[in-house]
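Enquirer: Take a look at protein_36.txt, compact mmCIF, C-alpha atoms and all ligand atoms:
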```txt
# COMPACT_ATOMS: atom_id res chain seq x y z
CA MET A 14 297.84 165.73 -36.66
CA SER A 15 300.24 164.15 -39.07
CA THR A 16 302.99 164.90 -41.52
CA GLN A 17 302.90 163.85 -45.17
CA THR A 18 304.25 160.44 -44.24
CA GLY A 19 301.30 159.78 -41.95
CA MET A 20 303.37 159.98 -38.80
CA LYS A 21 302.49 162.33 -35.99
CA ALA A 22 304.29 165.66 -36.14
CA LYS A 23 307.23 166.15 -33.82
CA LEU A 24 306.88 169.44 -31.99
CA ALA A 25 309.65 171.56 -30.49
CA ILE A 26 308.69 174.37 -28.13
CA VAL A 27 311.55 176.89 -28.31
CA VAL A 28 312.14 179.08 -25.26
CA PRO A 29 314.87 181.74 -25.07
CA CYS A 30 315.93 182.34 -21.46
CA TYR A 31 318.03 185.10 -20.00
CA ASN A 32 318.44 185.10 -16.22
CA GLU A 33 315.16 183.29 -15.70
CA GLN A 34 315.97 181.22 -12.60
CA GLU A 35 312.83 182.40 -10.77
CA VAL A 36 310.47 181.36 -13.51
CA PHE A 37 312.33 178.38 -14.93
CA PRO A 38 310.91 175.59 -12.72
CA ILE A 39 307.30 176.51 -13.41
CA CYS A 40 308.03 177.17 -17.07
CA ARG A 41 309.62 173.76 -17.43
CA SER A 42 306.79 171.86 -15.74
CA THR A 43 304.07 173.80 -17.58
CA LEU A 44 305.60 173.20 -20.99
CA CYS A 45 306.36 169.53 -20.28
CA ASP A 46 302.72 169.10 -19.29
CA VAL A 47 301.67 170.72 -22.56
CA ILE A 48 303.79 168.20 -24.48
CA LYS A 49 302.41 165.29 -22.46
CA ASP A 50 298.84 166.48 -22.89
CA LEU A 51 299.13 167.04 -26.65
CA ALA A 52 300.93 163.73 -27.17
CA GLY A 53 298.20 162.02 -25.14
CA LYS A 54 295.58 163.52 -27.45
CA GLY A 55 297.53 162.21 -30.43
CA LYS A 56 298.23 165.68 -31.80
CA ILE A 57 302.01 165.38 -31.66
CA SER A 58 304.54 162.56 -31.40
CA GLU A 59 305.73 161.23 -28.04
CA ASP A 60 309.28 162.40 -28.68
CA SER A 61 308.32 166.06 -29.01
CA PHE A 62 310.40 168.31 -26.81
CA VAL A 63 310.96 171.67 -25.17
CA LEU A 64 314.15 173.35 -26.36
CA PHE A 65 315.53 175.90 -23.91
CA VAL A 66 318.10 178.37 -25.17
CA ASN A 67 320.21 179.90 -22.46
CA ASP A 68 321.18 183.35 -23.72
CA GLY A 69 324.32 183.83 -21.63
CA SER A 70 322.56 183.98 -18.27
CA THR A 71 324.62 185.00 -15.29
CA ASP A 72 322.37 183.36 -12.69
CA SER A 73 321.64 179.66 -12.23
CA THR A 74 319.42 179.32 -15.32
CA ARG A 75 322.02 177.26 -17.11
CA GLU A 76 322.43 174.74 -14.29
CA LEU A 77 318.65 174.37 -13.92
CA MET A 78 318.33 173.87 -17.64
CA ASN A 79 321.07 171.30 -17.97
CA GLU A 80 319.77 169.39 -15.00
CA ALA A 81 316.31 169.32 -16.61
CA ALA A 82 317.72 168.13 -19.93
CA GLN A 83 319.63 165.34 -18.21
CA SER A 84 316.65 164.09 -16.25
CA SER A 85 313.96 164.31 -18.92
CA ASN A 86 313.80 163.08 -22.51
CA ASN A 87 311.42 165.87 -23.41
CA VAL A 88 313.76 168.68 -22.38
CA TRP A 89 316.68 169.80 -24.52
CA ALA A 90 319.04 172.62 -23.61
CA ILE A 91 321.33 174.85 -25.64
CA SER A 92 323.64 177.44 -24.11
CA LEU A 93 325.01 180.36 -26.10
CA THR A 94 328.52 181.54 -25.26
CA LYS A 95 327.30 185.00 -24.26
CA ASN A 96 324.22 187.20 -24.12
CA CYS A 97 323.25 187.67 -27.77
CA GLY A 98 319.82 189.17 -27.23
CA HIS A 99 316.31 187.77 -27.41
CA GLN A 100 315.96 187.76 -31.22
CA SER A 101 319.29 186.03 -31.82
CA ALA A 102 318.71 183.50 -29.05
CA LEU A 103 315.31 182.71 -30.50
CA LEU A 104 316.75 182.31 -33.98
CA ALA A 105 319.46 179.99 -32.64
CA GLY A 106 316.80 177.81 -31.04
CA LEU A 107 314.63 177.72 -34.15
CA MET A 108 317.54 176.92 -36.44
CA GLU A 109 318.61 174.01 -34.23
CA ALA A 110 315.05 172.80 -33.72
CA ARG A 111 314.31 172.58 -37.45
CA LYS A 112 316.95 169.85 -37.75
CA TYR A 113 314.96 167.56 -35.48
CA ALA A 114 311.34 168.70 -35.36
CA ASP A 115 308.54 169.00 -37.96
CA VAL A 116 307.02 172.04 -36.34
CA THR A 117 308.06 174.60 -33.71
CA VAL A 118 306.30 176.95 -31.34
CA SER A 119 308.32 179.81 -29.87
CA ILE A 120 307.31 181.25 -26.53
CA ASP A 121 308.83 183.45 -23.80
CA ALA A 122 310.04 181.83 -20.60
CA ASP A 123 307.85 184.02 -18.39
CA LEU A 124 304.65 182.33 -19.68
CA GLN A 125 302.87 185.63 -20.34
CA ASP A 126 301.49 183.96 -23.44
CA ASP A 127 298.73 181.43 -23.02
CA VAL A 128 300.03 177.89 -23.55
CA LYS A 129 296.46 176.67 -24.04
CA VAL A 130 296.34 178.08 -27.56
CA ILE A 131 299.26 175.91 -28.68
CA GLU A 132 296.71 173.19 -29.39
CA GLU A 133 294.76 175.57 -31.59
CA MET A 134 297.98 176.52 -33.38
CA LEU A 135 298.63 172.85 -34.11
CA ASP A 136 295.10 172.46 -35.48
CA ARG A 137 295.77 175.30 -37.92
CA PHE A 138 299.07 173.62 -38.83
CA ALA A 139 297.19 170.37 -39.51
CA GLU A 140 294.90 172.34 -41.81
CA GLY A 141 297.90 173.38 -43.86
CA CYS A 142 299.13 176.63 -42.32
CA ASP A 143 302.90 176.96 -42.12
CA ILE A 144 302.89 179.97 -39.81
CA VAL A 145 300.40 180.63 -37.02
CA TYR A 146 300.61 183.91 -35.09
CA GLY A 147 299.67 184.20 -31.46
CA VAL A 148 297.88 187.54 -31.20
CA ARG A 149 296.96 189.29 -27.96
CA SER A 150 293.31 190.14 -27.91
CA GLY A 151 293.98 192.87 -25.37
CA ARG A 152 296.78 194.54 -23.49
CA LYS A 153 295.09 194.81 -20.13
CA THR A 154 298.08 193.60 -18.15
CA ASP A 155 300.51 196.01 -19.79
CA SER A 156 301.13 199.36 -18.17
CA PHE A 157 299.51 202.41 -19.78
CA MET A 158 302.95 203.52 -20.94
CA LYS A 159 303.83 200.22 -22.63
CA ARG A 160 300.41 199.90 -24.21
CA SER A 161 300.28 203.38 -25.72
CA THR A 162 303.89 203.40 -26.94
CA ALA A 163 303.40 199.97 -28.51
CA GLN A 164 300.25 201.09 -30.30
CA LEU A 165 301.91 204.24 -31.55
CA TYR A 166 304.84 202.19 -32.75
CA TYR A 167 302.73 199.72 -34.71
CA ARG A 168 300.95 202.61 -36.38
CA LEU A 169 304.27 204.21 -37.30
CA LEU A 170 305.50 200.91 -38.76
CA GLU A 171 302.41 200.73 -40.90
CA LYS A 172 302.90 204.30 -42.15
CA LEU A 173 306.48 203.48 -43.07
CA GLY A 174 305.32 200.51 -45.10
CA VAL A 175 306.62 197.75 -42.79
CA LYS A 176 304.36 194.70 -42.85
CA SER A 177 303.77 193.33 -39.37
CA VAL A 178 301.07 191.58 -37.42
CA TYR A 179 299.35 193.89 -34.96
CA ASN A 180 299.71 192.86 -31.31
CA HIS A 181 301.80 189.83 -32.11
CA ALA A 182 305.11 189.30 -30.35
CA ASP A 183 307.22 186.18 -30.79
CA PHE A 184 304.65 183.59 -29.78
CA ARG A 185 304.13 181.68 -33.01
CA LEU A 186 304.09 178.35 -34.71
CA MET A 187 306.36 177.71 -37.67
CA SER A 188 306.65 174.59 -39.78
CA ARG A 189 310.00 173.18 -40.74
CA ARG A 190 309.73 174.39 -44.31
CA ALA A 191 308.91 177.91 -43.15
CA LEU A 192 312.05 177.80 -40.99
CA ASP A 193 314.08 176.49 -43.92
CA GLU A 194 313.02 179.58 -45.84
CA LEU A 195 313.77 181.84 -42.88
CA ALA A 196 317.27 180.35 -42.82
CA ARG A 197 317.92 181.94 -46.22
CA TYR A 198 317.72 185.41 -44.69
CA LYS A 199 321.25 186.24 -43.63
CA GLU A 200 320.77 189.64 -42.06
CA SER A 201 322.25 190.49 -38.71
CA ASN A 202 319.84 193.26 -37.67
CA LEU A 203 317.20 190.83 -36.63
CA TYR A 204 313.53 191.73 -36.26
CA LEU A 205 311.78 188.40 -36.67
CA ARG A 206 308.32 189.87 -36.35
CA GLY A 207 308.89 191.86 -39.52
CA LEU A 208 310.77 189.16 -41.38
CA ILE A 209 308.34 186.31 -41.00
CA PRO A 210 305.37 187.96 -42.75
CA GLN A 211 307.71 188.37 -45.75
CA LEU A 212 308.02 184.60 -46.16
CA GLY A 213 304.53 184.53 -47.56
CA PHE A 214 303.27 181.10 -46.52
CA LYS A 215 299.68 180.31 -45.66
CA THR A 216 299.18 181.80 -42.21
CA ALA A 217 296.57 182.02 -39.49
CA SER A 218 296.18 183.77 -36.14
CA VAL A 219 294.99 182.53 -32.78
CA TYR A 220 293.90 184.92 -30.05
CA TYR A 221 294.63 184.95 -26.34
CA GLU A 222 294.71 187.19 -23.31
CA ARG A 223 298.28 188.12 -22.30
CA LYS A 224 299.00 187.55 -18.64
CA GLU A 225 301.40 189.01 -16.10
CA ARG A 226 304.90 187.62 -15.90
CA MET A 227 304.86 184.43 -13.77
CA ALA A 228 307.96 185.35 -11.78
CA GLY A 229 311.13 187.42 -12.02
CA GLU A 230 311.46 190.73 -13.79
CA SER A 231 311.31 191.88 -17.39
CA LYS A 232 314.55 191.25 -19.24
CA TYR A 233 313.68 194.01 -21.67
CA PRO A 234 314.84 197.29 -20.19
CA PHE A 235 313.93 200.46 -22.06
CA SER A 236 317.24 200.54 -23.95
CA LYS A 237 316.78 197.03 -25.39
CA MET A 238 313.19 197.82 -26.32
CA LEU A 239 314.24 201.01 -28.10
CA ASN A 240 316.90 199.08 -29.94
CA LEU A 241 314.39 196.51 -31.13
CA ALA A 242 312.00 199.28 -32.16
CA ILE A 243 314.64 201.09 -34.22
CA ASN A 244 315.63 197.80 -35.79
CA GLY A 245 312.05 197.19 -36.79
CA ILE A 246 311.99 200.42 -38.77
CA THR A 247 315.47 200.60 -40.22
CA SER A 248 315.59 196.94 -41.28
CA PHE A 249 312.47 197.21 -43.36
CA SER A 250 312.07 200.75 -44.53
CA THR A 251 314.21 203.29 -46.33
CA ARG A 252 311.36 205.75 -46.20
CA PRO A 253 313.05 208.00 -43.59
CA ILE A 254 315.65 208.77 -46.29
CA LYS A 255 312.89 209.77 -48.68
CA MET A 256 311.54 212.07 -45.99
CA VAL A 257 314.83 214.01 -46.02
CA MET A 258 314.48 214.54 -49.74
CA HIS A 259 310.87 215.64 -49.40
CA LEU A 260 311.93 218.07 -46.71
CA GLY A 261 314.48 219.46 -49.18
CA PHE A 262 311.80 220.08 -51.79
CA PHE A 263 309.65 221.71 -49.15
CA VAL A 264 312.47 224.04 -48.14
CA MET A 265 312.96 224.96 -51.81
CA LEU A 266 309.28 225.89 -51.99
CA VAL A 267 309.65 228.03 -48.90
CA CYS A 268 312.69 229.56 -50.60
CA PHE A 269 310.52 230.72 -53.51
CA ALA A 270 308.04 232.27 -51.13
CA ALA A 271 310.89 233.94 -49.26
CA ALA A 272 312.29 235.18 -52.59
CA ILE A 273 309.04 236.92 -53.44
CA TYR A 274 308.89 238.47 -50.00
CA ALA A 275 312.53 239.55 -50.15
CA PHE A 276 312.15 241.16 -53.57
CA VAL A 277 309.03 243.02 -52.54
CA SER A 278 310.85 244.32 -49.46
CA TYR A 279 313.89 245.19 -51.58
CA PHE A 280 311.89 247.26 -54.05
CA ASN A 281 310.05 248.96 -51.23
CA ASN A 282 313.47 250.00 -50.01
CA ASP A 283 312.73 249.08 -46.42
CA VAL A 284 315.63 246.63 -45.96
CA GLU A 285 319.32 246.90 -45.18
CA ARG A 286 321.66 246.49 -48.15
CA GLY A 287 322.74 242.86 -48.49
CA TRP A 288 319.91 241.34 -46.53
CA THR A 289 318.07 240.06 -49.62
CA SER A 290 321.01 238.14 -51.05
CA VAL A 291 321.97 236.68 -47.67
CA ILE A 292 318.51 235.46 -46.81
CA LEU A 293 317.95 233.99 -50.25
CA SER A 294 321.23 232.07 -50.27
CA ILE A 295 320.48 230.63 -46.85
CA TRP A 296 317.14 229.20 -47.94
CA PHE A 297 318.32 228.14 -51.35
CA LEU A 298 321.45 226.38 -50.14
CA GLY A 299 319.52 224.75 -47.30
CA GLY A 300 317.11 223.27 -49.82
CA VAL A 301 319.85 222.16 -52.20
CA GLN A 302 321.74 220.50 -49.37
CA LEU A 303 318.74 218.58 -48.11
CA ILE A 304 317.88 217.35 -51.59
CA SER A 305 321.48 216.28 -52.16
CA PHE A 306 321.49 214.44 -48.85
CA GLY A 307 318.31 212.73 -49.89
CA ILE A 308 319.77 211.63 -53.22
CA VAL A 309 322.91 210.25 -51.59
CA GLY A 310 320.63 208.59 -49.05
CA GLU A 311 318.60 206.96 -51.83
CA TYR A 312 321.74 205.25 -53.05
CA ILE A 313 322.73 204.23 -49.56
CA GLY A 314 319.22 202.84 -49.14
CA ARG A 315 319.69 200.72 -52.25
CA ILE A 316 323.11 199.54 -51.08
CA TYR A 317 321.50 198.64 -47.78
CA THR A 318 318.84 196.46 -49.34
CA GLU A 319 321.43 194.83 -51.63
CA VAL A 320 323.78 194.13 -48.78
CA LYS A 321 321.11 192.32 -46.82
CA GLY A 322 320.89 189.86 -49.69
CA ARG A 323 317.38 188.76 -48.90
CA PRO A 324 316.05 185.99 -51.11
CA LEU A 325 313.80 187.30 -53.85
CA TYR A 326 311.38 184.39 -53.88
CA CYS A 327 310.38 181.31 -52.01
CA ILE A 328 309.07 178.18 -53.74
CA GLU A 329 305.80 176.83 -52.45
CA GLU A 330 305.51 173.64 -54.49
CA PHE A 331 307.50 171.71 -57.08
CA ILE A 332 305.69 169.14 -59.14
CA SER A 333 307.51 166.85 -61.55
CA HIS A 334 307.04 163.32 -62.78
CA GLY A 335 308.64 161.39 -59.94
CA GLU A 336 311.33 162.74 -57.68
CA GLU A 337 313.88 160.19 -58.96
CA ASN A 338 313.87 161.92 -62.37
CA ARG A 339 314.97 165.16 -60.79
CA ASP A 340 318.65 165.82 -60.55
CA VAL A 341 319.18 166.52 -56.85
CA ARG A 342 322.79 167.54 -57.06
CA GLU A 343 322.35 170.73 -55.11
CA LYS A 344 320.76 169.12 -52.09
CA GLU A 345 322.17 170.89 -49.04
N1 LIG B 401 315.49 187.21 -23.34
C1 LIG B 401 316.65 186.68 -23.90
N2 LIG B 401 317.75 187.47 -24.02
C2 LIG B 401 317.74 188.79 -23.62
C3 LIG B 401 316.55 189.33 -23.10
C4 LIG B 401 315.44 188.52 -22.98
O1 LIG B 401 316.68 185.50 -24.26
O2 LIG B 401 318.78 189.45 -23.76
C5 LIG B 401 314.29 186.34 -23.21
C6 LIG B 401 313.67 186.28 -21.83
O3 LIG B 401 314.30 185.33 -21.02
C7 LIG B 401 312.23 185.94 -22.14
C8 LIG B 401 312.00 186.62 -23.46
O4 LIG B 401 313.29 186.89 -24.02
O5 LIG B 401 312.04 184.55 -22.30
C9 LIG B 401 311.19 187.89 -23.34
O6 LIG B 401 311.71 188.73 -22.35
P1 LIG B 401 310.79 189.48 -21.29
O7 LIG B 401 309.65 188.61 -20.89
O8 LIG B 401 311.67 189.94 -20.18
O9 LIG B 401 310.27 190.72 -22.14
P2 LIG B 401 308.89 191.54 -21.89
O10 LIG B 401 307.80 190.52 -21.87
O11 LIG B 401 309.06 192.24 -20.59
O12 LIG B 401 308.82 192.45 -23.07
MG MG B 402 307.64 188.92 -20.84
```
Go ahead and express the file in the form of structure tokens.
Expert:
Amino acid sequence: MSTQTGMKAKLAIVVPCYNEQEVFPICRSTLCDVIKDLAGKGKISEDSFVLFVNDGSTDSTRELMNEAAQSSNNVWAISLTKNCGHQSALLAGLMEARKYADVTVSIDADLQDDVKVIEEMLDRFAEGCDIVYGVRSGRKTDSFMKRSTAQLYYRLLEKLGVKSVYNHADFRLMSRRALDELARYKESNLYLRGLIPQLGFKTASVYYERKERMAGESKYPFSKMLNLAINGITSFSTRPIKMVMHLGFFVMLVCFAAAIYAFVSYFNNDVERGWTSVILSIWFLGGVQLISFGIVGEYIGRIYTEVKGRPLYCIEEFISHGEENRDVREKE
């Protein structure tokens, strides 16, 4: 495992933590062992590290973390000022890690994801992949509820045209240059799982069995999960707006059918006076309103995508005759 310069890659394992005091000690020792083991095998440099991000915990997570960072060279700790949520905490960790490390692996503190496949991820990285997804081969340990809702959700995402990796959460390897590209996305409704496939680097997947939480309880109550799910759709798709417009056209069609029915009834003289005009205006105006909503929504959808200001491209390679000839004025 080496970078272009022939040196071993420096790995940062990024771990967002929110009230994880029960699981922290085992998480710390497991991940430190992973670093030691991989460094021993020559796959990463000796100064690789675990970067914990304390997401405004209210228990003793912060103290445990800081103590670990003070007593070990391979443990780094960042504390956010308040609880910013899993996705933001993860992003904070990744953005800091890219300043110091060549490659990162993000993983949850509860060790539900199999740390053994990190080695495989690094092998894919050595083969030239910039992003490697950890994918669950099954969901045996999830409850029936979580499993079926998750599957339904992924299918819905696909229908709405959102690209995502099936059964992949936030256990993934990213190279520094992939993170540098991610840094150009400035949006605040963060759904990393949807964003990262948009970067378009060479990717690979590794498969593992997801385990039970090592200790403590899930920090994702239903409300947070729902929030993440809605984010996943609304950040990547304006198709729900289109659906309003289609509904409008459908109502207009129904209106024509209703018109025929109303006229037939009118000429058969079996209706009250006034009924025909009332019923027709209701259907007609309903259709017109829905279509108008849809059109306004189309514009709002465009404004929404503009406002996010996502980069339009991402450069893979730049070849010129010697770097010294290139004017590097705009180096960040
Ligand atoms: N987490 C976080 N901030 C939050 C909620 C969760 O940093 O507001 C972290 C948490 O400590 C864990 C990861 O996000 O490392 C995933 O959370 P959890 O395992 O509770 O989610 P689940 O596996 O139950 O979906
Ligand atoms: Mg978990």
Enquirer: Identify, counting all atoms listed in the file, the protein, DNA and RNA residues located within 9 Å of ligand LIG 401 (chain B), and give them as JSON, numbers by chain.
Expert: {"A": [28, 29, 30, 31, 32, 33, 66, 67, 68, 69, 70, 96, 97, 98, 99, 100, 101, 102, 103, 120, 121, 122, 123, 124, 125, 182, 183, 225, 226, 229, 230, 231, 232, 233, 234, 237, 238]}
Enquirer: I need the residue nearest ligand MG 402 (chain B) from this list: A:Val36, A:Val309, A:Ile295, A:Val175. Use all atoms listed in the file for the distance.
Expert: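 Looking at the shortest contact to ligand MG 402 (chain B), the residue is A:Val36.
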Enquirer: Give me the residues near stretch 52-56 of chain A as a ChimeraX atom specification, where near means some atom within 12 Å (using only C-alpha atoms) and where sequence neighbours in that chain fewer than 6 positions away do not count.
Expert: /A:14-16,20-24,45-46,62,87,116,131-139
Enquirer: Between atom CA of A:Gly151 and atom CA of A:Leu208, what distance in Å does the model show, to one decimal?
Expert: 23.5 Å
Enquirer: Show me, as a list in words, the residues that have an atom within 10 Å of A:Asn180 when counting all atoms listed in the file, minus same-chain residues fewer than 2 positions from it.
Expert: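 Skipping anything fewer than 2 positions along the chain leaves Tyr146, Gly147, Val148, Arg149, Ser150, Gly151, Arg152, Ala163, Gln164, Tyr167, Ser177, Val178, Ala182 and Tyr220 of chain A.
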Enquirer: Which distance in Å separates atom CA of A:Leu241 and atom CA of A:Leu203, to one decimal?
Expert: 8.4 Å
